[in-house]
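Student: data.cif is reproduced in full below (mmCIF, C-alpha atoms).
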```cif
data_run
#
loop_
_atom_site.label_atom_id
_atom_site.label_comp_id
_atom_site.auth_asym_id
_atom_site.auth_seq_id
_atom_site.Cartn_x
_atom_site.Cartn_y
_atom_site.Cartn_z
CA MET A 12 6.32 3.54 4.79
CA LYS A 13 8.23 6.17 6.74
CA LEU A 14 7.10 8.07 9.84
CA GLU A 15 8.91 11.22 10.97
CA LEU A 16 8.76 11.79 14.73
CA PRO A 17 9.45 15.39 15.82
CA GLY A 18 11.74 15.96 18.80
CA GLY A 19 8.98 17.67 20.79
CA LEU A 20 6.78 14.57 20.57
CA VAL A 21 9.71 12.33 21.54
CA ASP A 22 10.19 14.47 24.65
CA ARG A 23 6.46 14.36 25.42
CA LEU A 24 6.37 10.57 25.08
CA LYS A 25 9.32 10.25 27.46
CA ARG A 26 7.66 12.52 30.04
CA GLU A 27 4.40 10.58 29.87
CA LEU A 28 6.18 7.23 30.13
CA ARG A 29 8.09 8.41 33.21
CA LYS A 30 4.83 9.52 34.85
CA ALA A 31 3.11 6.21 34.04
CA GLY A 32 5.88 4.09 35.53
CA ASN A 33 5.08 0.37 35.12
CA ARG A 34 1.53 0.99 33.84
CA GLU A 35 0.71 0.86 30.13
CA ILE A 36 -0.62 4.07 28.58
CA GLY A 37 -1.50 4.94 25.01
CA GLY A 38 -3.53 6.99 22.62
CA VAL A 39 -4.10 8.10 19.05
CA LEU A 40 -1.55 9.14 16.41
CA VAL A 41 -2.41 11.97 14.02
CA GLY A 42 -0.16 13.24 11.29
CA GLU A 43 0.53 15.04 8.09
CA HIS A 44 0.92 13.32 4.73
CA LEU A 45 4.14 14.76 3.28
CA HIS A 46 4.44 12.74 0.05
CA ASP A 47 4.18 9.17 -1.22
CA ASP A 48 4.38 6.90 1.86
CA VAL A 49 6.00 9.53 4.11
CA PHE A 50 4.11 10.93 7.08
CA ARG A 51 5.04 13.29 9.91
CA LEU A 52 3.51 12.78 13.31
CA VAL A 53 1.79 16.04 14.32
CA ASP A 54 0.24 15.13 17.67
CA ILE A 55 -0.68 12.29 19.99
CA SER A 56 -3.44 11.87 22.51
CA VAL A 57 -2.50 10.44 25.89
CA GLN A 58 -4.90 8.16 27.70
CA ARG A 59 -3.54 7.60 31.20
CA SER A 60 -6.34 5.30 32.38
CA GLY A 61 -7.20 1.79 31.24
CA GLY A 62 -3.75 0.32 31.60
CA SER A 63 -2.05 -2.22 33.84
CA VAL A 64 1.49 -3.58 33.84
CA ALA A 65 0.72 -5.84 30.88
CA HIS A 66 -2.45 -4.59 29.22
CA PHE A 67 -3.97 -1.43 27.73
CA VAL A 68 -7.63 -0.83 26.89
CA ARG A 69 -8.55 2.01 24.52
CA HIS A 70 -11.37 4.40 25.45
CA LEU A 71 -13.19 5.24 22.21
CA GLU A 72 -14.82 8.42 23.56
CA HIS A 73 -11.40 9.80 24.51
CA ASN A 74 -10.19 9.09 20.97
CA ARG A 75 -13.24 10.65 19.31
CA ALA A 76 -12.93 13.89 21.29
CA PHE A 77 -9.24 14.18 20.46
CA LEU A 78 -9.83 13.52 16.74
CA LYS A 79 -12.69 16.01 16.56
CA GLU A 80 -10.47 18.73 18.05
CA PHE A 81 -7.54 17.80 15.77
CA PHE A 82 -9.66 17.92 12.60
CA SER A 83 -11.09 21.28 13.64
CA ARG A 84 -7.59 22.62 14.34
CA THR A 85 -6.36 21.50 10.89
CA GLY A 86 -9.36 22.88 8.98
CA ASN A 87 -10.79 19.43 8.24
CA ASP A 88 -8.12 19.00 5.56
CA TYR A 89 -8.32 15.19 5.55
CA GLN A 90 -6.09 14.82 2.49
CA ARG A 91 -3.19 16.44 4.34
CA PHE A 92 -3.92 15.80 8.05
CA ASN A 93 -5.52 12.64 9.33
CA TYR A 94 -5.69 9.78 11.79
CA LEU A 95 -2.63 7.56 11.41
CA GLY A 96 -3.27 4.98 14.08
CA GLU A 97 -2.66 4.11 17.71
CA TRP A 98 0.21 3.97 20.17
CA HIS A 99 0.78 2.44 23.56
CA SER A 100 3.60 1.56 25.89
CA HIS A 101 5.19 -1.69 26.96
CA PRO A 102 6.95 -0.56 30.16
CA LEU A 103 8.08 -4.04 31.23
CA PHE A 104 8.39 -5.74 27.85
CA SER A 105 10.09 -5.18 24.51
CA ALA A 106 8.60 -2.58 22.22
CA ILE A 107 7.11 -5.14 19.86
CA PRO A 108 3.40 -5.78 19.31
CA SER A 109 1.79 -8.68 21.12
CA GLY A 110 -0.62 -11.05 19.40
CA GLN A 111 -3.49 -9.09 20.95
CA ASP A 112 -2.00 -5.81 19.64
CA ILE A 113 -1.84 -7.24 16.12
CA ALA A 114 -5.41 -8.58 16.30
CA THR A 115 -6.75 -5.25 17.58
CA MET A 116 -5.07 -3.25 14.82
CA GLN A 117 -6.28 -5.67 12.16
CA GLU A 118 -9.84 -5.25 13.52
CA ILE A 119 -9.49 -1.45 13.27
CA VAL A 120 -8.24 -1.46 9.68
CA GLU A 121 -10.84 -4.04 8.60
CA ASN A 122 -13.71 -2.04 10.17
CA PRO A 123 -15.61 -0.21 7.37
CA ASP A 124 -16.80 2.42 9.87
CA VAL A 125 -13.18 3.49 10.42
CA GLY A 126 -12.64 3.87 6.68
CA ALA A 127 -8.84 3.75 6.82
CA ASN A 128 -6.62 2.46 4.01
CA PHE A 129 -3.99 1.69 6.65
CA VAL A 130 -3.31 2.21 10.35
CA VAL A 131 -0.01 2.44 12.19
CA LEU A 132 0.71 0.91 15.58
CA LEU A 133 3.55 2.53 17.51
CA ILE A 134 4.81 0.65 20.57
CA VAL A 135 7.12 2.56 22.91
CA SER A 136 9.21 1.68 25.97
CA LEU A 137 11.41 3.87 28.13
CA ARG A 138 14.71 2.16 28.81
CA ARG A 139 17.71 2.87 30.99
CA ARG A 140 19.13 6.35 30.82
CA GLY A 141 15.87 7.58 29.29
CA ALA A 142 16.37 6.00 25.87
CA LEU A 143 13.19 5.52 23.87
CA GLU A 144 12.80 2.04 22.36
CA LEU A 145 10.09 1.80 19.74
CA SER A 146 8.65 -0.13 16.86
CA ALA A 147 6.05 0.83 14.29
CA SER A 148 3.93 -1.39 12.09
CA ALA A 149 1.51 -0.59 9.27
CA PHE A 150 -1.69 -2.61 8.96
CA ARG A 151 -3.74 -2.82 5.78
CA PRO A 152 -6.96 -4.72 5.12
CA ARG A 153 -6.37 -8.40 4.38
CA ALA A 154 -2.57 -8.03 4.46
CA THR A 155 0.36 -8.95 6.66
CA PRO A 156 1.65 -6.05 8.80
CA ASP A 157 4.69 -4.18 7.47
CA ASN A 158 7.48 -2.52 9.39
CA VAL A 159 7.41 1.27 9.37
CA GLU A 160 10.69 3.15 9.35
CA VAL A 161 10.61 5.72 12.15
CA VAL A 162 13.04 8.60 11.98
CA MET A 163 13.28 10.80 15.02
CA GLU A 164 13.96 14.47 14.35
CA ASP A 165 17.70 15.24 14.23
CA GLN A 166 18.57 11.57 13.62
CA LYS A 167 19.74 10.13 10.36
CA GLU A 168 19.14 6.48 11.32
CA PRO A 169 16.01 4.82 12.69
CA PRO A 170 16.17 4.39 16.49
CA SER A 171 15.60 0.63 16.40
CA LYS A 172 14.82 -2.25 14.09
CA GLY A 173 11.23 -3.01 13.30
CA TRP A 174 9.61 -5.72 15.38
CA LEU A 175 9.40 -8.18 12.52
CA GLN A 176 13.12 -7.86 11.78
CA SER A 177 13.91 -8.32 15.50
CA ILE A 178 12.00 -11.61 15.53
CA ILE A 179 13.70 -12.80 12.33
CA ASP A 180 17.10 -11.95 13.87
CA LEU A 181 16.22 -14.02 16.96
CA PHE A 182 15.56 -17.09 14.82
CA ARG A 183 18.81 -16.64 12.88
CA ARG A 184 20.92 -16.89 16.04
#
```
Show the structure stored in the file as structure tokens.
Tutor:
Amino acid sequence: MKLELPGGLVDRLKRELRKAGNREIGGVLVGEHLHDDVFRLVDISVQRSGGSVAHFVRHLEHNRAFLKEFFSRTGNDYQRFNYLGEWHSHPLFSAIPSGQDIATMQEIVENPDVGANFVVLLIVSLRRRGALELSASAFRPRATPDNVEVVMEDQKEPPSKGWLQSIIDLFRR
């Protein structure tokens, strides 16, 4: 799976991460299905409350309101524009999902009320000199998470390895 991240959303993420400082923030990812397993992120919600230095709690009502507005804005064209998943920050830790992050995403994708074939989890961290560190994972029902290739607009290479590959590299050392 590949996720295209427009430059404007990269800039917005960086601004929000600067404002949040050492507190975790997050929200919802919505995007456009381009073809096959390629998606383009169209917008994100930003939930500034519910986070501490090492934990983030989603507010479902905030997510529902954002999704309702997004679907209205895109003409309820669910085949082309839809919910892709969730994002949150790890301001003091690496941009890899924790065990709790993985469990939460698996619960979302396994929930029949959500009705998703897959969900993406994007973890972001702002590093020195304003560099954005990130990882993205795709979750499917009853399956192991997969790395998602993230390509930021105007970049030919992904900004960082996927979290699973980073862990594998650690064990190879």
Student: Counting all atoms listed in the file, figure out which residue out of A:His73, A:Val39, A:Phe129, A:Asn33 gets nearest to Trp98 in chain A.
Tutor: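 Checking each of A:His73, A:Val39, A:Phe129, A:Asn33 against Trp98 in chain A, counting all atoms listed in the file, the winner is A:Val39.
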Student: What does the distance from CA of Gly110 in chain A to CA of Pro156 in chain A come to in Å, to one decimal?
Tutor: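 Computing it gives 11.9 Å between the two atoms.
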Student: Between CA of Glu121 in chain A and CA of Pro102 in chain A, measure the distance and give it in Å to one decimal.
Tutor: 28.2 Å
Student: Counting all atoms listed in the file, figure out which residue out of A:Val49, A:Ala114, A:Val120, A:Leu71 gets nearest to Glu160 in chain A.
Tutor: A:Val49
Student: In Å to one decimal, how far is CA of Gly32 in chain A from CA of Gln111 in chain A?
Tutor: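 Calculated distance between CA of Gln111 in chain A and CA of Gly32 in chain A is 21.8 Å.
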Student: Can you work out which one of A:Glu72, A:Glu80, A:Glu97, A:Asp22 has the shortest atom-to-atom distance to Ile36 in chain A, counting all atoms listed in the file?
Tutor: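 Comparing A:Glu72, A:Glu80, A:Glu97, A:Asp22 against Ile36 in chain A, the winner is A:Glu97.
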Student: Taking all atoms of range 123-131 of chain A that the file lists, what box with edges along x, y and z, padded by 5 Å per side, do you get, with centre and edge lengths in Å to one decimal, as AutoDock Vina command-line options?
Tutor:
```
--center_x -8.4 --center_y 1.8 --center_z 8.1 --size_x 26.8 --size_y 14.1 --size_z 18.2
```
Student: Apply the PyMOL selection byres ((chain A and resi 155) around 12) to the displayed file and report the matching residues as a PyMOL selection string.
Tutor: chain A and resi 113-114+116-117+120+129+148-154+156-158+175
Student: Of the residues A:Asp47, A:Gly37, A:Leu20, A:Asn74, which is the one nearest to Leu133 in chain A, using all atoms listed in the file?
Tutor: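 Ranked by minimum distance to Leu133 in chain A, first place goes to A:Gly37.
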Student: From the list A:Ala147, A:Val41, A:Met163, A:Val53, which residue is nearest Gly96 in chain A when using all atoms listed in the file?
Tutor: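 Ranked by minimum distance to Gly96 in chain A, first place goes to A:Val41.
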Student: As a tab-separated table (two decimals) with C-alpha atoms, in the coordinates of the input, please: the residues near Leu24 in chain A (cut-off 12 Å, all atoms listed in the file, same-chain neighbours under 5 positions excluded).
Tutor:
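Saved as part39.tsv:
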```
chain	number	residue	atom	x	y	z
A	16	LEU	CA	8.76	11.79	14.73
A	17	PRO	CA	9.45	15.39	15.82
A	18	GLY	CA	11.74	15.96	18.80
A	19	GLY	CA	8.98	17.67	20.79
A	29	ARG	CA	8.09	8.41	33.21
A	30	LYS	CA	4.83	9.52	34.85
A	31	ALA	CA	3.11	6.21	34.04
A	36	ILE	CA	-0.62	4.07	28.58
A	37	GLY	CA	-1.50	4.94	25.01
A	38	GLY	CA	-3.53	6.99	22.62
A	40	LEU	CA	-1.55	9.14	16.41
A	54	ASP	CA	0.24	15.13	17.67
A	55	ILE	CA	-0.68	12.29	19.99
A	56	SER	CA	-3.44	11.87	22.51
A	57	VAL	CA	-2.50	10.44	25.89
A	58	GLN	CA	-4.90	8.16	27.70
A	98	TRP	CA	0.21	3.97	20.17
A	99	HIS	CA	0.78	2.44	23.56
A	100	SER	CA	3.60	1.56	25.89
A	133	LEU	CA	3.55	2.53	17.51
A	134	ILE	CA	4.81	0.65	20.57
A	135	VAL	CA	7.12	2.56	22.91
A	136	SER	CA	9.21	1.68	25.97
A	137	LEU	CA	11.41	3.87	28.13
A	141	GLY	CA	15.87	7.58	29.29
A	142	ALA	CA	16.37	6.00	25.87
A	143	LEU	CA	13.19	5.52	23.87
A	144	GLU	CA	12.80	2.04	22.36
A	145	LEU	CA	10.09	1.80	19.74
```
Student: Step by step: start from the point (3.3, 7.8, 3.1) in the file's coordinates, keep every protein, DNA or RNA residue that has an atom no farther than 10 Å from it, count all atoms listed in the file, and write the set as a PyMOL selection string.
Tutor: chain A and resi 12-14+43-51+159
Student: The PyMOL selection byres ((chain A and resi 82) around 12) - which residues does that actually catch in the file I just gave you? List them as a list in words.
Tutor: Val41, Gly42, Glu43, Val53, Asp54, Arg75, Ala76, Phe77, Leu78, Lys79, Glu80, Phe81, Ser83, Arg84, Thr85, Gly86, Asn87, Asp88, Tyr89, Gln90, Arg91, Phe92, Asn93 and Tyr94 of chain A
